Amino acid sequence: MSGSRTGTSGDPTGVPAIRSRLDRVEDPELARSIVELDYVETIDVDGGHVFVRFTLPTAWCSPAFAWMMAVDARDEVERLDWVREAQIELDDHMHDEEITTGVNARDTFGETFPDADGGVSEVRAALADKARVSRQREAVEALLSTGVDPEQVVVLERSDVTVSGETAHVSLDGLSVVVDADPIKDYLRRATNSGHVTEPDDTLFLTPEGRPITADRLDVVQKRSRLASVNMGGQGAVCDALHRARHGPDGPEA
Amino acid sequence: MEEYRHYGADRMAEDLFGNAAADMAIFQPTYLTDFYDEGFNTTEQNAELAEKYPERFVLNGTFDPRDGEEGLRYLEHLKEEYDIPGVKLYTAEWRDDSKGWRLGSDDAFEFLEKCSELGIENINAHKGPTIRPLNRDAFDVKDIDDAASSFPELNFIVNHVGLPRLDDFCWIAAQEPNVYGGIAVASALSTHRDRKFGEIMGELLFWLGEDRVMFGSDYALCNPDWLVDQVMNAELTDEQRDEYGVELDVDTMKKVMGENAAELYDIDIEAKKRQFRDDSVTERFGLADHYGGDAGSAAD
């Protein structure tokens, strides 16, 4: 993806290399890169020591999500073989001190927030599943728009799809359809990450509950997938709206 | 900040009715007794204002299944004293070691049973964005499913439409005809994120239909004098109209802004308009002209 290698000698160095590692870290609720979302404020490189400072759109974003992003940023940066230690700082958050201290001390979420119930891993799994559902629609749409029937779409297995470069090849009873690779690749990554599509004979497209789809229900499943994307996108907007309601349109300084 | 922390009864009457943005209000209590010594706004505190303008307010009560037998007695008391038509519930409210409760639990069912028996039909559940220390999973909307299918005679109004679980909420509501969506919080998006607001309204109208979506103001985080206008003027893009096959036209918005709530709370809008021509709120704020003709719609 970013072209940087992990765990081998000769990884790319400097701030751009760090930025491209951070590009793999996502805001779990929006399933978008923290670099793309412009959360990363500062990257400093001093020999094998790297310092990353980031801020979130509002000080009230869930501490669990802020925690995930901080831990992921630390771990991604430290995958570069020349990095000895990554220091992460979260700014302007209701729990910035706890999170900054906890992440750099390598504490767990539970150690940092003893009164929180439920662990981070369940939250991660639930959000990974939502990301899978929300990305399915475009992949299915790409196939339907080339004239593939719903009956054919719902029986596809993982091994029926091959991605090479800009295109994805989908085999249907001996025939092969060529579609744009992007929506397929994006979906496959999410469905693998959520654990739903990992084996060659796994059914490719599923209901939100993770079951095979019947052809006559494909339309409803597509609409549920749309709903999942609206929900994800709506979250960022809600945080922003709450922020404005309290501070006015020009932010806390106004 | 003083203003942010304390909104008094007088200020509230003025904000709600002063420029006729709203005609009536449904008053939801928020006890949060573990966080605030005398409660954030209890039914009793709300009643003081409601009693000043009884024709303008619908007064809801509350229950917490963790109160057991005493809680059931309190619910009976609220019905007797204030004739509450509904309750507002905070399933994520902390209580001693408990970090919340579920509407699908046996204890909660006992209280819903009591509501049904007393004719308290409107069950408002706060299911929306939360921040520490209220843990997020306690706002999960899935328990609405069990409760709604077990108590078809009650109406379940999910405030803040389950955000950030709009997807779960809509899917449940699509299958349970007695589940309604209150758009408080989401409505604030109409201000700066009108595209997002359009999308969310599109989804709600698609899955629930125009009879089960209701306005909510989040007063006093947002103020109805501008929010009502913003929401009323919201429009879908052409693309959104095609996608969802729905419209935010005048008829739909009248339902969302008042008629649907009026239906749930048995409010006769035309009779109310006649009554409001010369009630004490109209006198205090000089609103006689507003209620003179056919103009004006109920909003909560």
# chains A, B, ... in the order shown; residues from 1 in each chain; ligands from 1
>>> residues_around(residues="Leu188 in chain A", least_positions_apart="6", cutoff="10 Å", atoms="only C-alpha atoms", output="NGL selection string")
:A and (132 or 135-136 or 139 or 158 or 161 or 163 or 182 or 194 or 196-198 or 204-205)
>>> residues_around(residues="His49 in chain A", least_positions_apart="4", cutoff="9 Å", atoms="only C-alpha atoms", output="PyMOL selection string")
chain A and resi 44-45+82-87
>>> write_last_selection(atoms="C-alpha atoms", output="JSON list (two decimals), in the first residue's frame")
[["chain", "number", "residue", "atom", "x", "y", "z"],
["A", 44, "ASP", "CA", 9.51, 14.93, 14.86],
["A", 45, "VAL", "CA", 12.32, 12.51, 14.07],
["A", 82, "TRP", "CA", 15.11, 2.07, 12.44],
["A", 83, "VAL", "CA", 12.61, 3.38, 14.99],
["A", 84, "ARG", "CA", 13.64, 2.52, 18.54],
["A", 85, "GLU", "CA", 10.81, 4.28, 20.28],
["A", 86, "ALA", "CA", 7.70, 6.23, 19.34],
["A", 87, "GLN", "CA", 6.30, 8.82, 21.75]]
>>> atom_distance(atom1="CA of Asp201 in chain A", atom2="CA of Val155 in chain A")
10.5 Å
>>> atom_distance(atom1="CA of Pro65 in chain B", atom2="CA of Asn178 in chain B")
21.5 Å
>>> residues_around(residues="range 92-107 of chain A", least_positions_apart="2", cutoff="12 Å", atoms="only C-alpha atoms", output="PyMOL selection string")
(chain A and resi 39+41+50-75+85-90+109-114+252) or (chain B and resi 131-133)
>>> select_by_dssp(residues="range 67-276 of chain B", states="alpha helix (DSSP H)", output="short mmCIF file (atom, residue, chain, number, x, y, z; two decimals) with N, CA, C and O atoms, in the first residue's frame")
data_model
loop_
_atom_site.label_atom_id
_atom_site.label_comp_id
_atom_site.auth_asym_id
_atom_site.auth_seq_id
_atom_site.Cartn_x
_atom_site.Cartn_y
_atom_site.Cartn_z
N GLY B 68 -36.66 -1.17 42.10
CA GLY B 68 -37.51 -2.25 42.60
C GLY B 68 -38.90 -1.79 43.00
O GLY B 68 -39.50 -0.92 42.36
N GLU B 69 -39.39 -2.38 44.09
CA GLU B 69 -40.76 -2.14 44.58
C GLU B 69 -41.03 -0.64 44.80
O GLU B 69 -42.06 -0.11 44.40
N GLU B 70 -40.04 0.03 45.39
CA GLU B 70 -40.17 1.47 45.67
C GLU B 70 -40.36 2.25 44.37
O GLU B 70 -41.14 3.21 44.31
N GLY B 71 -39.66 1.82 43.34
CA GLY B 71 -39.76 2.47 42.04
C GLY B 71 -41.14 2.29 41.43
O GLY B 71 -41.66 3.21 40.80
N LEU B 72 -41.72 1.12 41.60
CA LEU B 72 -43.07 0.87 41.08
C LEU B 72 -44.08 1.78 41.77
O LEU B 72 -44.97 2.33 41.14
N ARG B 73 -43.89 1.96 43.10
CA ARG B 73 -44.78 2.85 43.86
C ARG B 73 -44.62 4.29 43.37
O ARG B 73 -45.57 5.03 43.23
N TYR B 74 -43.36 4.68 43.09
CA TYR B 74 -43.09 6.05 42.63
C TYR B 74 -43.77 6.30 41.28
O TYR B 74 -44.32 7.36 41.02
N LEU B 75 -43.73 5.28 40.42
CA LEU B 75 -44.37 5.39 39.11
C LEU B 75 -45.88 5.60 39.27
O LEU B 75 -46.49 6.44 38.60
N GLU B 76 -46.47 4.83 40.20
CA GLU B 76 -47.90 5.00 40.48
C GLU B 76 -48.18 6.41 40.99
O GLU B 76 -49.16 7.05 40.60
N HIS B 77 -47.29 6.89 41.85
CA HIS B 77 -47.43 8.24 42.40
C HIS B 77 -47.39 9.29 41.27
O HIS B 77 -48.19 10.22 41.24
N LEU B 78 -46.43 9.12 40.35
CA LEU B 78 -46.30 10.09 39.25
C LEU B 78 -47.55 10.10 38.38
O LEU B 78 -47.99 11.16 37.92
N LYS B 79 -48.13 8.93 38.18
CA LYS B 79 -49.34 8.84 37.38
C LYS B 79 -50.49 9.56 38.08
O LYS B 79 -51.22 10.35 37.49
N GLU B 80 -50.60 9.29 39.38
CA GLU B 80 -51.69 9.85 40.16
C GLU B 80 -51.56 11.37 40.30
O GLU B 80 -52.50 12.12 40.10
N GLU B 81 -50.33 11.81 40.62
CA GLU B 81 -50.09 13.22 40.90
C GLU B 81 -50.09 14.08 39.63
O GLU B 81 -50.64 15.16 39.61
N TYR B 82 -49.44 13.58 38.57
CA TYR B 82 -49.27 14.41 37.36
C TYR B 82 -49.92 13.82 36.12
O TYR B 82 -49.81 14.40 35.04
N ASP B 106 -35.71 -8.65 32.78
CA ASP B 106 -36.92 -9.02 33.53
C ASP B 106 -37.39 -7.87 34.41
O ASP B 106 -38.59 -7.59 34.50
N ASP B 107 -36.44 -7.21 35.08
CA ASP B 107 -36.79 -6.08 35.96
C ASP B 107 -37.47 -4.96 35.18
O ASP B 107 -38.47 -4.39 35.60
N ALA B 108 -36.90 -4.66 34.00
CA ALA B 108 -37.48 -3.58 33.18
C ALA B 108 -38.87 -3.99 32.71
O ALA B 108 -39.79 -3.15 32.67
N PHE B 109 -39.03 -5.27 32.37
CA PHE B 109 -40.34 -5.74 31.90
C PHE B 109 -41.41 -5.55 32.97
O PHE B 109 -42.56 -5.26 32.66
N GLU B 110 -41.03 -5.71 34.24
CA GLU B 110 -41.97 -5.50 35.32
C GLU B 110 -42.49 -4.05 35.32
O GLU B 110 -43.67 -3.79 35.54
N PHE B 111 -41.57 -3.12 35.05
CA PHE B 111 -41.95 -1.71 35.01
C PHE B 111 -42.78 -1.39 33.76
O PHE B 111 -43.71 -0.59 33.81
N LEU B 112 -42.43 -2.02 32.65
CA LEU B 112 -43.20 -1.79 31.42
C LEU B 112 -44.61 -2.35 31.58
O LEU B 112 -45.59 -1.76 31.11
N GLU B 113 -44.69 -3.47 32.28
CA GLU B 113 -45.98 -4.07 32.62
C GLU B 113 -46.83 -3.05 33.39
O GLU B 113 -48.01 -2.84 33.10
N LYS B 114 -46.19 -2.43 34.38
CA LYS B 114 -46.86 -1.41 35.21
C LYS B 114 -47.30 -0.22 34.36
O LYS B 114 -48.41 0.30 34.50
N CYS B 115 -46.45 0.22 33.44
CA CYS B 115 -46.80 1.33 32.54
C CYS B 115 -48.05 0.97 31.74
O CYS B 115 -48.98 1.78 31.60
N SER B 116 -48.05 -0.23 31.22
CA SER B 116 -49.17 -0.69 30.42
C SER B 116 -50.46 -0.67 31.25
O SER B 116 -51.49 -0.18 30.81
N GLU B 117 -50.35 -1.16 32.48
CA GLU B 117 -51.48 -1.22 33.39
C GLU B 117 -52.01 0.18 33.74
O GLU B 117 -53.20 0.41 33.81
N LEU B 118 -51.08 1.13 33.92
CA LEU B 118 -51.47 2.49 34.32
C LEU B 118 -51.83 3.37 33.10
O LEU B 118 -52.24 4.51 33.26
N LYS B 142 -30.33 -2.38 20.90
CA LYS B 142 -30.92 -3.69 20.59
C LYS B 142 -31.99 -4.13 21.60
O LYS B 142 -32.89 -4.89 21.26
N ASP B 143 -31.88 -3.63 22.83
CA ASP B 143 -32.89 -4.01 23.84
C ASP B 143 -34.28 -3.46 23.51
O ASP B 143 -35.29 -3.96 24.00
N ILE B 144 -34.33 -2.42 22.68
CA ILE B 144 -35.62 -1.85 22.25
C ILE B 144 -36.43 -2.91 21.51
O ILE B 144 -37.66 -2.98 21.62
N ASP B 145 -35.73 -3.73 20.75
CA ASP B 145 -36.35 -4.78 19.94
C ASP B 145 -37.21 -5.71 20.81
O ASP B 145 -38.40 -5.91 20.56
N ASP B 146 -36.60 -6.26 21.85
CA ASP B 146 -37.31 -7.18 22.76
C ASP B 146 -38.51 -6.51 23.40
O ASP B 146 -39.61 -7.04 23.44
N ALA B 147 -38.25 -5.31 23.94
CA ALA B 147 -39.30 -4.60 24.66
C ALA B 147 -40.46 -4.26 23.73
O ALA B 147 -41.63 -4.48 24.07
N ALA B 148 -40.15 -3.77 22.53
CA ALA B 148 -41.20 -3.34 21.60
C ALA B 148 -42.04 -4.52 21.12
O ALA B 148 -43.26 -4.40 20.99
N SER B 149 -41.40 -5.67 20.91
CA SER B 149 -42.22 -6.78 20.43
C SER B 149 -43.00 -7.42 21.58
O SER B 149 -44.07 -7.99 21.36
N SER B 150 -42.53 -7.29 22.81
CA SER B 150 -43.26 -7.85 23.95
C SER B 150 -44.39 -6.95 24.43
O SER B 150 -45.31 -7.40 25.10
N LEU B 166 -27.38 4.39 14.31
CA LEU B 166 -28.51 4.64 13.43
C LEU B 166 -28.86 3.39 12.63
O LEU B 166 -30.03 3.10 12.38
N ASP B 167 -27.85 2.66 12.21
CA ASP B 167 -28.09 1.47 11.39
C ASP B 167 -28.87 0.41 12.17
O ASP B 167 -29.87 -0.12 11.68
N ASP B 168 -28.44 0.14 13.41
CA ASP B 168 -29.17 -0.85 14.22
C ASP B 168 -30.58 -0.36 14.50
O ASP B 168 -31.54 -1.11 14.43
N PHE B 169 -30.68 0.94 14.83
CA PHE B 169 -31.98 1.49 15.17
C PHE B 169 -32.96 1.37 14.01
O PHE B 169 -34.09 0.91 14.18
N CYS B 170 -32.56 1.81 12.82
CA CYS B 170 -33.47 1.80 11.67
C CYS B 170 -33.91 0.38 11.34
O CYS B 170 -35.07 0.14 10.99
N TRP B 171 -33.00 -0.55 11.46
CA TRP B 171 -33.33 -1.93 11.12
C TRP B 171 -34.37 -2.49 12.10
O TRP B 171 -35.31 -3.17 11.72
N ILE B 172 -34.21 -2.18 13.37
CA ILE B 172 -35.19 -2.62 14.38
C ILE B 172 -36.53 -1.93 14.14
O ILE B 172 -37.58 -2.57 14.11
N ALA B 173 -36.48 -0.62 13.93
CA ALA B 173 -37.71 0.15 13.75
C ALA B 173 -38.46 -0.30 12.50
O ALA B 173 -39.69 -0.26 12.46
N ALA B 174 -37.72 -0.74 11.48
CA ALA B 174 -38.38 -1.18 10.25
C ALA B 174 -39.24 -2.42 10.53
O ALA B 174 -40.21 -2.68 9.83
N GLN B 175 -38.89 -3.16 11.57
CA GLN B 175 -39.62 -4.38 11.86
C GLN B 175 -40.62 -4.27 13.00
O GLN B 175 -41.47 -5.13 13.18
N LEU B 189 -27.65 18.92 13.16
CA LEU B 189 -26.85 18.83 11.93
C LEU B 189 -27.41 19.68 10.82
O LEU B 189 -26.71 20.00 9.86
N SER B 190 -28.71 20.04 10.94
CA SER B 190 -29.31 20.83 9.89
C SER B 190 -28.60 22.18 9.77
O SER B 190 -28.69 22.84 8.76
N THR B 191 -27.90 22.59 10.83
CA THR B 191 -27.28 23.90 10.83
C THR B 191 -26.05 23.98 9.94
O THR B 191 -25.97 24.83 9.07
N HIS B 192 -25.09 23.10 10.17
CA HIS B 192 -23.84 23.24 9.41
C HIS B 192 -23.57 22.07 8.49
O HIS B 192 -22.68 22.10 7.69
N ASP B 194 -25.93 20.30 6.38
CA ASP B 194 -27.26 20.01 5.84
C ASP B 194 -27.28 18.78 4.95
O ASP B 194 -28.27 18.08 4.87
N ARG B 195 -26.16 18.48 4.31
CA ARG B 195 -26.10 17.26 3.48
C ARG B 195 -26.23 16.02 4.35
O ARG B 195 -26.96 15.08 4.03
N LYS B 196 -25.51 16.04 5.46
CA LYS B 196 -25.57 14.92 6.41
C LYS B 196 -26.97 14.79 6.99
O LYS B 196 -27.49 13.69 7.14
N PHE B 197 -27.54 15.93 7.34
CA PHE B 197 -28.88 15.92 7.90
C PHE B 197 -29.85 15.31 6.89
O PHE B 197 -30.70 14.49 7.23
N GLY B 198 -29.70 15.69 5.63
CA GLY B 198 -30.54 15.15 4.56
C GLY B 198 -30.41 13.64 4.46
O GLY B 198 -31.40 12.93 4.32
N GLU B 199 -29.18 13.17 4.56
CA GLU B 199 -28.94 11.72 4.49
C GLU B 199 -29.63 10.99 5.63
O GLU B 199 -30.27 9.96 5.44
N ILE B 200 -29.47 11.54 6.83
CA ILE B 200 -30.06 10.88 8.00
C ILE B 200 -31.58 10.90 7.93
O ILE B 200 -32.25 9.90 8.18
N MET B 201 -32.14 12.06 7.52
CA MET B 201 -33.59 12.14 7.35
C MET B 201 -34.05 11.18 6.27
O MET B 201 -35.09 10.53 6.38
N GLY B 202 -33.26 11.08 5.20
CA GLY B 202 -33.58 10.16 4.11
C GLY B 202 -33.67 8.73 4.62
O GLY B 202 -34.62 8.00 4.33
N GLU B 203 -32.68 8.34 5.41
CA GLU B 203 -32.68 6.97 5.96
C GLU B 203 -33.89 6.76 6.87
O GLU B 203 -34.58 5.75 6.79
N LEU B 204 -34.14 7.72 7.76
CA LEU B 204 -35.25 7.58 8.72
C LEU B 204 -36.59 7.46 8.00
O LEU B 204 -37.40 6.59 8.31
N LEU B 205 -36.79 8.34 7.01
CA LEU B 205 -38.07 8.32 6.30
C LEU B 205 -38.18 7.05 5.45
O LEU B 205 -39.26 6.49 5.30
N PHE B 206 -37.05 6.58 4.94
CA PHE B 206 -37.08 5.35 4.15
C PHE B 206 -37.45 4.14 5.02
O PHE B 206 -38.29 3.34 4.66
N TRP B 207 -36.83 4.01 6.17
CA TRP B 207 -37.03 2.80 6.99
C TRP B 207 -38.26 2.90 7.90
O TRP B 207 -38.90 1.91 8.18
N LEU B 208 -38.54 4.12 8.43
CA LEU B 208 -39.64 4.25 9.39
C LEU B 208 -40.92 4.84 8.78
O LEU B 208 -42.00 4.63 9.30
N PRO B 224 -34.55 26.40 20.40
CA PRO B 224 -35.54 26.20 19.35
C PRO B 224 -35.77 27.40 18.45
O PRO B 224 -36.22 27.25 17.33
N ASP B 225 -35.45 28.62 18.94
CA ASP B 225 -35.85 29.75 18.09
C ASP B 225 -35.13 29.72 16.75
O ASP B 225 -35.66 30.15 15.74
N TRP B 226 -33.90 29.16 16.71
CA TRP B 226 -33.28 29.01 15.38
C TRP B 226 -33.36 27.58 14.86
O TRP B 226 -33.44 27.34 13.67
N LEU B 227 -33.41 26.63 15.78
CA LEU B 227 -33.39 25.24 15.33
C LEU B 227 -34.64 24.85 14.55
O LEU B 227 -34.56 24.17 13.53
N VAL B 228 -35.79 25.30 15.04
CA VAL B 228 -37.04 24.95 14.36
C VAL B 228 -37.02 25.45 12.92
O VAL B 228 -37.34 24.73 11.98
N ASP B 229 -36.56 26.68 12.74
CA ASP B 229 -36.47 27.24 11.39
C ASP B 229 -35.52 26.44 10.51
O ASP B 229 -35.82 26.14 9.36
N GLN B 230 -34.37 26.12 11.09
CA GLN B 230 -33.36 25.38 10.33
C GLN B 230 -33.90 24.05 9.84
O GLN B 230 -33.73 23.68 8.69
N VAL B 231 -34.55 23.34 10.75
CA VAL B 231 -35.05 22.02 10.38
C VAL B 231 -36.18 22.15 9.37
O VAL B 231 -36.25 21.42 8.39
N MET B 232 -37.08 23.14 9.61
CA MET B 232 -38.19 23.33 8.68
C MET B 232 -37.71 23.64 7.27
O MET B 232 -38.32 23.27 6.28
N ASN B 233 -36.59 24.36 7.19
CA ASN B 233 -36.10 24.77 5.87
C ASN B 233 -35.15 23.77 5.23
O ASN B 233 -34.65 24.00 4.13
N ASP B 238 -31.08 16.71 -4.95
CA ASP B 238 -31.75 15.90 -5.99
C ASP B 238 -31.30 14.45 -5.90
O ASP B 238 -32.09 13.52 -6.03
N GLU B 239 -30.00 14.31 -5.66
CA GLU B 239 -29.42 12.97 -5.56
C GLU B 239 -30.07 12.20 -4.40
O GLU B 239 -30.42 11.03 -4.54
N GLN B 240 -30.22 12.87 -3.25
CA GLN B 240 -30.82 12.22 -2.09
C GLN B 240 -32.28 11.86 -2.34
O GLN B 240 -32.75 10.81 -1.93
N ARG B 241 -33.00 12.74 -3.06
CA ARG B 241 -34.40 12.46 -3.39
C ARG B 241 -34.51 11.18 -4.22
O ARG B 241 -35.35 10.33 -3.97
N ASP B 242 -33.61 11.05 -5.20
CA ASP B 242 -33.62 9.85 -6.05
C ASP B 242 -33.25 8.62 -5.24
O ASP B 242 -33.87 7.56 -5.35
N GLU B 243 -32.23 8.77 -4.41
CA GLU B 243 -31.72 7.64 -3.64
C GLU B 243 -32.78 7.09 -2.69
O GLU B 243 -32.99 5.89 -2.60
N TYR B 244 -33.42 7.98 -1.96
CA TYR B 244 -34.32 7.51 -0.90
C TYR B 244 -35.78 7.46 -1.32
O TYR B 244 -36.60 6.86 -0.64
N VAL B 250 -43.72 20.04 2.84
CA VAL B 250 -44.45 20.67 3.95
C VAL B 250 -45.26 19.64 4.74
O VAL B 250 -45.24 19.63 5.97
N ASP B 251 -45.92 18.74 4.05
CA ASP B 251 -46.75 17.74 4.75
C ASP B 251 -45.90 16.83 5.63
O ASP B 251 -46.26 16.54 6.76
N THR B 252 -44.77 16.41 5.09
CA THR B 252 -43.88 15.55 5.87
C THR B 252 -43.36 16.30 7.08
O THR B 252 -43.36 15.78 8.21
N MET B 253 -42.92 17.55 6.86
CA MET B 253 -42.34 18.30 7.97
C MET B 253 -43.38 18.64 9.03
O MET B 253 -43.06 18.68 10.22
N LYS B 254 -44.64 18.85 8.62
CA LYS B 254 -45.68 19.10 9.63
C LYS B 254 -45.84 17.89 10.54
O LYS B 254 -46.02 18.02 11.75
N ASN B 260 -47.05 14.10 14.50
CA ASN B 260 -46.77 12.74 15.00
C ASN B 260 -46.76 12.70 16.52
O ASN B 260 -47.28 11.76 17.14
N ALA B 261 -46.14 13.72 17.13
CA ALA B 261 -46.11 13.78 18.60
C ALA B 261 -47.51 14.01 19.14
O ALA B 261 -47.92 13.41 20.15
N ALA B 262 -48.27 14.86 18.47
CA ALA B 262 -49.64 15.15 18.90
C ALA B 262 -50.47 13.87 18.90
O ALA B 262 -51.26 13.62 19.81
N GLU B 263 -50.27 13.07 17.90
CA GLU B 263 -50.97 11.78 17.78
C GLU B 263 -50.63 10.88 18.98
O GLU B 263 -51.52 10.31 19.62
N LEU B 264 -49.36 10.80 19.31
CA LEU B 264 -48.93 9.94 20.42
C LEU B 264 -49.48 10.43 21.75
O LEU B 264 -49.78 9.65 22.64
N ILE B 269 -54.61 19.40 17.80
CA ILE B 269 -53.87 20.60 17.41
C ILE B 269 -54.81 21.79 17.16
O ILE B 269 -54.53 22.91 17.61
N GLU B 270 -55.92 21.56 16.47
CA GLU B 270 -56.83 22.67 16.17
C GLU B 270 -57.43 23.27 17.45
O GLU B 270 -57.49 24.48 17.62
N ALA B 271 -57.81 22.38 18.38
CA ALA B 271 -58.36 22.86 19.66
C ALA B 271 -57.32 23.66 20.42
O ALA B 271 -57.61 24.70 21.03
N LYS B 272 -56.07 23.20 20.37
CA LYS B 272 -54.99 23.90 21.06
C LYS B 272 -54.77 25.29 20.48
O LYS B 272 -54.56 26.25 21.20
N LYS B 273 -54.82 25.38 19.16
CA LYS B 273 -54.60 26.68 18.53
C LYS B 273 -55.66 27.69 18.98
O LYS B 273 -55.35 28.84 19.25
N ARG B 274 -56.89 27.19 19.10
CA ARG B 274 -57.96 28.09 19.57
C ARG B 274 -57.69 28.52 21.01
O ARG B 274 -57.79 29.68 21.37
N GLN B 275 -57.27 27.53 21.81
CA GLN B 275 -57.00 27.81 23.23
C GLN B 275 -55.84 28.81 23.39
O GLN B 275 -55.85 29.65 24.28
N PHE B 276 -54.84 28.72 22.52
CA PHE B 276 -53.64 29.54 22.67
C PHE B 276 -53.84 30.99 22.24
O PHE B 276 -52.97 31.82 22.42
#
>>> atom_distance(atom1="CA of Glu176 in chain B", atom2="CA of Val158 in chain B")
12.3 Å
>>> select_by_dssp(residues="range 26-162 of chain A", states="strand (DSSP E or B)", output="JSON, numbers by chain")
{"A": [26, 27, 32, 33, 40, 41, 42, 43, 44, 45, 46, 49, 50, 51, 52, 53, 54, 55, 85, 86, 87, 88, 89, 90, 91, 157, 161, 162]}
>>> closest_residue(among="B:Arg56, B:Ala92, B:Gly61, B:Val87", to="chain A", atoms="only C-alpha atoms")
B:Ala92
>>> residues_around(residues="Arg277 in chain B", least_positions_apart="6", cutoff="9 Å", atoms="only C-alpha atoms", output="list of chain:residue names")
B:Glu283, B:Leu287, B:Ala288, B:Asp289, B:His290, B:Tyr291, B:Gly292
>>> residues_around(residues="Ala228 in chain A", least_positions_apart="4", cutoff="7 Å", atoms="only C-alpha atoms", output="CSV table (one decimal) with N, CA, C and O atoms, in the first residue's frame")
chain,number,residue,atom,x,y,z
A,130,LYS,N,-18.8,-3.2,11.2
A,130,LYS,CA,-19.6,-2.1,10.5
A,130,LYS,C,-18.9,-1.6,9.3
A,130,LYS,O,-19.5,-1.3,8.3
A,133,VAL,N,-19.7,-4.1,6.5
A,133,VAL,CA,-21.0,-3.9,5.9
A,133,VAL,C,-21.1,-2.6,5.0
A,133,VAL,O,-21.7,-2.7,4.0
A,134,SER,N,-20.5,-1.5,5.5
A,134,SER,CA,-20.6,-0.3,4.8
A,134,SER,C,-19.9,-0.3,3.5
A,134,SER,O,-20.3,0.4,2.6
A,224,ARG,N,-29.2,-1.7,3.5
A,224,ARG,CA,-28.6,-1.7,4.9
A,224,ARG,C,-27.2,-1.3,4.8
A,224,ARG,O,-26.7,-0.8,5.8
A,232,MET,N,-21.9,5.8,9.8
A,232,MET,CA,-20.5,6.1,10.1
A,232,MET,C,-20.1,7.5,9.8
A,232,MET,O,-19.5,8.2,10.6
B,167,ASP,N,-27.8,2.7,12.2
B,167,ASP,CA,-28.1,1.5,11.4
B,167,ASP,C,-28.9,0.4,12.2
B,167,ASP,O,-29.9,-0.1,11.7
